[in-house]
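Here's the structure we're looking at; comments come further down.
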There are 2 protein chains.
Amino acid sequence: MKKLAVVALGGNALLKSGQKGTVSEQEENIFAACEDVADLLDLGYDIVIAHGNGPQVGNVLLQHEAGFKEFGIPKQPMDICVAETQGSIGYMIEQQMRNVLSERGVKKDIIALITQVLVDEDDTAFKNPTKPVGPYYTEEEKNKMNEQGWKFQEDPAGRGYRRVVASPKPIDISNWKVVETLARQGNIVITVGGGGIPAILKKNGKLEGIDAVIDKDLASAKLASNINADAFFILTDVTNVMVNFNTPEQEKLGSITIEEISKHLADGQFTEGSMAPKVRAGIQFVENGGKETVITDARLLKKEGSGTRIVK
Amino acid sequence: MKKLAVVALGGNALLKSGQKGTVSEQEENIFAACEDVADLLDLGYDIVIAHGNGPQVGNVLLQHEAGFKEFGIPKQPMDICVAETQGSIGYMIEQQMRNVLSERGVKKDIIALITQVLVDEDDTAFKNPTKPVGPYYTEEEKNKMNEQGWKFQEDPAGRGYRRVVASPKPIDISNWKVVETLARQGNIVITVGGGGIPAILKKNGKLEGIDAVIDKDLASAKLASNINADAFFILTDVTNVMVNFNTPEQEKLGSITIEEISKHLADGQFTEGSMAPKVRAGIQFVENGGKETVITDARLLKKEGSGTRIVK
């Protein structure tokens, strides 16, 4: 049996900071990312691709805001916005991966799935929402929207107020068995986009979408554990995780145990909102029985043994 | 082996005319539609659901327009807009179908897929685009946008100008074999949303998204033929197709041969943009070897032999 890999692509690899988000920019970025990911085929892996959606869902939220102001179209909650980005980004990855494989003469089906991720309604994250989403508002606008139950945070840089939503822990991933089967059959599967569409299970047994954002690395780690992936690759824009970053003692981490890297994490070596959640997700996968989490630059995927490799 | 059904839901059944498009409106409509579609399980069918996206993609286009004006976010082409609605509508159908089945104590996986549909770059539809999409523009706005290669039609009701895009014929459906396998295994599969994301195959072998809208009934008929569906259900808001509509000779069509209904079609009995494309898609499925196309109201799905049934 082939090895099975889950590869988590950052939303920023797809729409780079400074770019406006035209189709041609995104297609170019995604084609390049798919070329790197496809190198894993040569290393004997079946592949599941997870992806972020930070910049894209930011744009969707702004578009909904503007669409409401100009045309009165109801703004949709976060679950629907995430679903929209699963559609658009999933499509672009599927299409560009087809193009990469066609260039290489490789025949495979590429299948992008809509994915819901279950969270706990009682997750403490809902009491203290911390994830800023959408546009900046003036104080007056904010006070008006407070009435609809939204929570806000003042921007430290003085640009106004931003809505904050909860980032609860993923507890179950829809259709993970289907994902495992399809990937083991040799298809490339795209799933858990943007960390998944957040859902809660109500006491009446019904699933309901909820205003939240799930960390895409944690959701991908959960998926990787569920489907018994051999390796979990978290792609980022540096070759390795670093300690003592920007000091004379700066050091690249190579192969490292969960115990050692957990100590660095506890020491505050990794930036929150950036490397820290990746390291946490990486640890989680190995703690749950995974062999290895690799955190690295996409271009190094083809070089086995590169990047930071978290092991038991 | 169970019978296999493709069910095409209209975008208007999901977001009704006169509704604004809030989540609760859409969820309620979709839950009701899923209850009707789930009745096919009791009749021994495996189910593939296709769906339209007319009102929803209309909203997305307006949101992109407003987002560009207010925040400078690039407007995305039709392929991306369709992909966004595959995400949002696919998600809502998946979730509400889970809720319907959970109420009925039925355990099944519900799988929503992103679907590209191949069209021919040389399709004559591209020379004469006829499908109006997006907002109304003033003459000045229109002239400005003409420069980016868009084509426009003057609104007969005098509301201004609307962009028109081509509606080319679907020639291939991505992942239809996967859809067939998953459905035959007893999963409910959601696919070809909004007629599919239009793509062309360039001479260099690369797939490329294109500004077009594919008729969802034609795309669903193509899918139904590909997967050898036993029946193709096109849901609408009337119980039967009618001839001599609104005259004393008005008559409901029941079981009818492709030859007979083709004659009515040629006689102009069916409204273009409404019943005519459904009848055309229905004929196409049976011509390509399908046993039966049923055009009817969702609420009649459980009553075998209801609606207009097009047969060889």
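Lettering and numbering for the structure tokens are positional, with chains as A, B, ... in the shown order, residues counted from 1 in each chain, and ligands counted from 1 in the shown order.
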Can I get the residues of chain A within 8 Å of chain B, each with the closest pair of atoms and their distance in Å to one decimal, using only C-alpha atoms, sorted chain first then ascending number, as JSON lines?
```
{"residue": "A:Lys20", "atom": "CA", "partner": "B:Ile73", "partner_atom": "CA", "distance": 6.6}
{"residue": "A:Gly21", "atom": "CA", "partner": "B:Pro74", "partner_atom": "CA", "distance": 6.4}
{"residue": "A:Thr22", "atom": "CA", "partner": "B:Pro74", "partner_atom": "CA", "distance": 5.6}
{"residue": "A:Val23", "atom": "CA", "partner": "B:Gln76", "partner_atom": "CA", "distance": 6.7}
{"residue": "A:Asn59", "atom": "CA", "partner": "B:Ile73", "partner_atom": "CA", "distance": 6.9}
{"residue": "A:Leu62", "atom": "CA", "partner": "B:Gly67", "partner_atom": "CA", "distance": 6.3}
{"residue": "A:Gln63", "atom": "CA", "partner": "B:Gly67", "partner_atom": "CA", "distance": 4.2}
{"residue": "A:His64", "atom": "CA", "partner": "B:Gln63", "partner_atom": "CA", "distance": 5.7}
{"residue": "A:Glu65", "atom": "CA", "partner": "B:Gly67", "partner_atom": "CA", "distance": 7.8}
{"residue": "A:Ala66", "atom": "CA", "partner": "B:Ala66", "partner_atom": "CA", "distance": 5.2}
{"residue": "A:Gly67", "atom": "CA", "partner": "B:Gln63", "partner_atom": "CA", "distance": 4.3}
{"residue": "A:Phe68", "atom": "CA", "partner": "B:Gln63", "partner_atom": "CA", "distance": 7.8}
{"residue": "A:Glu70", "atom": "CA", "partner": "B:Ala66", "partner_atom": "CA", "distance": 6.4}
{"residue": "A:Phe71", "atom": "CA", "partner": "B:Leu62", "partner_atom": "CA", "distance": 7.4}
{"residue": "A:Ile73", "atom": "CA", "partner": "B:Lys20", "partner_atom": "CA", "distance": 6.6}
{"residue": "A:Pro74", "atom": "CA", "partner": "B:Thr22", "partner_atom": "CA", "distance": 5.6}
{"residue": "A:Lys75", "atom": "CA", "partner": "B:Thr22", "partner_atom": "CA", "distance": 7.7}
{"residue": "A:Gln76", "atom": "CA", "partner": "B:Val23", "partner_atom": "CA", "distance": 6.7}
{"residue": "A:Pro77", "atom": "CA", "partner": "B:Val23", "partner_atom": "CA", "distance": 7.9}
{"residue": "A:Ile80", "atom": "CA", "partner": "B:Ser88", "partner_atom": "CA", "distance": 5.5}
{"residue": "A:Cys81", "atom": "CA", "partner": "B:Ser88", "partner_atom": "CA", "distance": 7.5}
{"residue": "A:Ala83", "atom": "CA", "partner": "B:Gly87", "partner_atom": "CA", "distance": 4.7}
{"residue": "A:Glu84", "atom": "CA", "partner": "B:Glu84", "partner_atom": "CA", "distance": 4.3}
{"residue": "A:Thr85", "atom": "CA", "partner": "B:Glu84", "partner_atom": "CA", "distance": 6.3}
{"residue": "A:Gln86", "atom": "CA", "partner": "B:Gly87", "partner_atom": "CA", "distance": 5.7}
{"residue": "A:Gly87", "atom": "CA", "partner": "B:Gly87", "partner_atom": "CA", "distance": 4.0}
{"residue": "A:Ser88", "atom": "CA", "partner": "B:Ala83", "partner_atom": "CA", "distance": 4.9}
{"residue": "A:Gly90", "atom": "CA", "partner": "B:Ile114", "partner_atom": "CA", "distance": 7.2}
{"residue": "A:Tyr91", "atom": "CA", "partner": "B:Ile114", "partner_atom": "CA", "distance": 6.4}
{"residue": "A:Gln95", "atom": "CA", "partner": "B:Leu207", "partner_atom": "CA", "distance": 6.7}
{"residue": "A:Gln96", "atom": "CA", "partner": "B:Leu207", "partner_atom": "CA", "distance": 7.9}
{"residue": "A:Arg98", "atom": "CA", "partner": "B:Leu207", "partner_atom": "CA", "distance": 7.7}
{"residue": "A:Asn99", "atom": "CA", "partner": "B:Lys206", "partner_atom": "CA", "distance": 5.4}
{"residue": "A:Ser102", "atom": "CA", "partner": "B:Gly205", "partner_atom": "CA", "distance": 7.3}
{"residue": "A:Glu103", "atom": "CA", "partner": "B:Gly205", "partner_atom": "CA", "distance": 7.9}
{"residue": "A:Asp109", "atom": "CA", "partner": "B:Asn175", "partner_atom": "CA", "distance": 6.8}
{"residue": "A:Ile110", "atom": "CA", "partner": "B:Asn175", "partner_atom": "CA", "distance": 7.8}
{"residue": "A:Ile111", "atom": "CA", "partner": "B:Leu113", "partner_atom": "CA", "distance": 7.1}
{"residue": "A:Ala112", "atom": "CA", "partner": "B:Ile114", "partner_atom": "CA", "distance": 5.5}
{"residue": "A:Leu113", "atom": "CA", "partner": "B:Leu113", "partner_atom": "CA", "distance": 4.7}
{"residue": "A:Ile114", "atom": "CA", "partner": "B:Ala112", "partner_atom": "CA", "distance": 5.5}
{"residue": "A:Thr115", "atom": "CA", "partner": "B:Tyr91", "partner_atom": "CA", "distance": 7.8}
{"residue": "A:Gln116", "atom": "CA", "partner": "B:Tyr91", "partner_atom": "CA", "distance": 7.8}
{"residue": "A:Asn175", "atom": "CA", "partner": "B:Asp109", "partner_atom": "CA", "distance": 6.8}
{"residue": "A:Gly205", "atom": "CA", "partner": "B:Ser102", "partner_atom": "CA", "distance": 7.3}
{"residue": "A:Lys206", "atom": "CA", "partner": "B:Asn99", "partner_atom": "CA", "distance": 5.4}
{"residue": "A:Leu207", "atom": "CA", "partner": "B:Asn99", "partner_atom": "CA", "distance": 6.4}
{"residue": "A:Glu208", "atom": "CA", "partner": "B:Gln95", "partner_atom": "CA", "distance": 7.7}
```
Counting only C-alpha atoms, what is within 7 Å of Asp230 of chain A, bar same-chain residues fewer than 6 positions away, as a short mmCIF file (atom, residue, chain, number, x, y, z; two decimals) with N, CA, C and O atoms, in the first residue's frame?
```cif
data_model
loop_
_atom_site.label_atom_id
_atom_site.label_comp_id
_atom_site.auth_asym_id
_atom_site.auth_seq_id
_atom_site.Cartn_x
_atom_site.Cartn_y
_atom_site.Cartn_z
N LYS A 3 1.96 5.20 0.71
CA LYS A 3 1.85 6.06 1.89
C LYS A 3 0.78 7.12 1.62
O LYS A 3 0.53 7.50 0.48
N LEU A 4 0.15 7.59 2.69
CA LEU A 4 -0.91 8.58 2.54
C LEU A 4 -0.49 9.89 3.21
O LEU A 4 -0.05 9.89 4.36
N ALA A 5 -0.57 10.98 2.47
CA ALA A 5 -0.15 12.29 3.00
C ALA A 5 -1.33 13.25 3.05
O ALA A 5 -2.15 13.29 2.13
N GLY A 290 0.20 9.71 14.71
CA GLY A 290 0.82 9.95 13.41
C GLY A 290 2.34 9.80 13.49
O GLY A 290 2.93 10.02 14.55
N LYS A 291 2.96 9.43 12.39
CA LYS A 291 4.40 9.16 12.41
C LYS A 291 5.20 10.45 12.41
O LYS A 291 6.16 10.61 13.15
#
```
Next item on the list: Tell me which protein, DNA and RNA residues are within 10 Å of Thr257 of chain B, counting only C-alpha atoms, leaving out same-chain ones fewer than 2 positions away, and put them as a PyMOL selection string.
Entry: chain B and resi 254-255+259-262+283+286+292+309-312
Just list as a short mmCIF file (atom, residue, chain, number, x, y, z; two decimals) with N, CA, C and O atoms, in the first residue's frame whatever in segment 49-154 of chain A DSSP marks as strand (DSSP E).
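Okay, this is what ended up in selection30.cif:
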```cif
data_model
loop_
_atom_site.label_atom_id
_atom_site.label_comp_id
_atom_site.auth_asym_id
_atom_site.auth_seq_id
_atom_site.Cartn_x
_atom_site.Cartn_y
_atom_site.Cartn_z
N ILE A 49 -5.42 17.10 -0.01
CA ILE A 49 -5.04 18.51 0.13
C ILE A 49 -6.05 19.24 0.99
O ILE A 49 -7.26 19.19 0.72
N ALA A 50 -5.57 19.91 2.03
CA ALA A 50 -6.39 20.81 2.82
C ALA A 50 -5.89 22.22 2.52
O ALA A 50 -4.75 22.39 2.08
N HIS A 51 -6.72 23.21 2.71
CA HIS A 51 -6.24 24.57 2.41
C HIS A 51 -6.87 25.62 3.30
O HIS A 51 -7.98 25.43 3.81
N ILE A 110 -9.17 14.25 -9.68
CA ILE A 110 -8.99 15.23 -8.61
C ILE A 110 -10.38 15.59 -8.13
O ILE A 110 -11.23 16.00 -8.94
N ILE A 111 -10.64 15.41 -6.86
CA ILE A 111 -12.01 15.54 -6.34
C ILE A 111 -12.04 16.54 -5.20
O ILE A 111 -11.42 16.32 -4.16
N ALA A 112 -12.76 17.65 -5.39
CA ALA A 112 -12.88 18.65 -4.32
C ALA A 112 -14.24 18.48 -3.64
O ALA A 112 -15.28 18.50 -4.29
N GLN A 116 -17.96 19.91 6.11
CA GLN A 116 -18.40 20.50 7.38
C GLN A 116 -17.52 19.96 8.49
O GLN A 116 -17.11 18.80 8.46
N VAL A 117 -17.27 20.79 9.49
CA VAL A 117 -16.49 20.34 10.64
C VAL A 117 -17.30 20.64 11.90
O VAL A 117 -17.76 21.77 12.10
N LEU A 118 -17.49 19.61 12.70
CA LEU A 118 -18.30 19.74 13.90
C LEU A 118 -17.49 20.37 15.02
O LEU A 118 -16.34 19.98 15.25
N LYS A 131 -10.93 35.83 16.97
CA LYS A 131 -10.46 35.82 15.58
C LYS A 131 -11.10 36.99 14.82
O LYS A 131 -12.30 36.99 14.57
N PRO A 132 -10.30 38.01 14.45
CA PRO A 132 -10.87 39.15 13.72
C PRO A 132 -11.21 38.76 12.28
O PRO A 132 -10.42 38.10 11.61
N VAL A 133 -12.39 39.15 11.83
CA VAL A 133 -12.81 38.86 10.45
C VAL A 133 -13.50 40.08 9.84
O VAL A 133 -14.08 40.89 10.56
N GLY A 134 -13.39 40.21 8.54
CA GLY A 134 -14.15 41.25 7.82
C GLY A 134 -13.55 42.64 7.95
O GLY A 134 -12.40 42.81 8.37
N PRO A 135 -14.34 43.65 7.55
CA PRO A 135 -13.83 45.02 7.43
C PRO A 135 -13.67 45.73 8.79
O PRO A 135 -14.13 45.24 9.81
N TYR A 136 -13.01 46.89 8.73
CA TYR A 136 -12.93 47.78 9.89
C TYR A 136 -14.17 48.66 9.92
O TYR A 136 -14.61 49.15 8.88
N TYR A 137 -14.74 48.85 11.11
CA TYR A 137 -15.93 49.69 11.25
C TYR A 137 -15.61 50.90 12.13
O TYR A 137 -14.74 50.84 12.99
N LYS A 151 -19.69 40.57 18.16
CA LYS A 151 -18.71 41.11 19.10
C LYS A 151 -17.58 41.78 18.33
O LYS A 151 -17.27 41.38 17.22
N PHE A 152 -16.98 42.79 18.95
CA PHE A 152 -15.95 43.58 18.26
C PHE A 152 -14.72 43.77 19.11
O PHE A 152 -14.75 43.64 20.33
N GLN A 153 -13.62 44.07 18.41
CA GLN A 153 -12.35 44.36 19.07
C GLN A 153 -11.83 45.66 18.48
O GLN A 153 -11.94 45.85 17.26
N GLU A 154 -11.27 46.52 19.33
CA GLU A 154 -10.70 47.74 18.77
C GLU A 154 -9.35 47.39 18.15
O GLU A 154 -8.56 46.62 18.71
#
```
Check: Quick one: DSSP helix (DSSP H, G or I) residues in segment 240-300 of chain B, as a list in words?
Finding: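 These are the residues in question: Ile258, Glu259, Glu260, Ile261, Ser262, Lys263, His264, Leu265, Ala266, Met275, Ala276, Pro277, Lys278, Val279, Arg280, Ala281, Gly282, Ile283, Gln284, Phe285, Val286, Glu287, Ala298, Arg299 and Leu300 of chain B.
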Check: Do you know which residues are at most 8 Å from segment 39-44 of chain B counting only C-alpha atoms, after dropping those on the same chain fewer than 4 positions away, and could you put them as a list in words?
Finding: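 Answer for this query is Lys2, Lys3, Glu35, Leu301 and Lys302 of chain B.
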Margin query: What's the separation between atom CA of Val164 of chain B and atom CA of Glu121 of chain B, in Å to one decimal place?
Written below: 16.8 Å
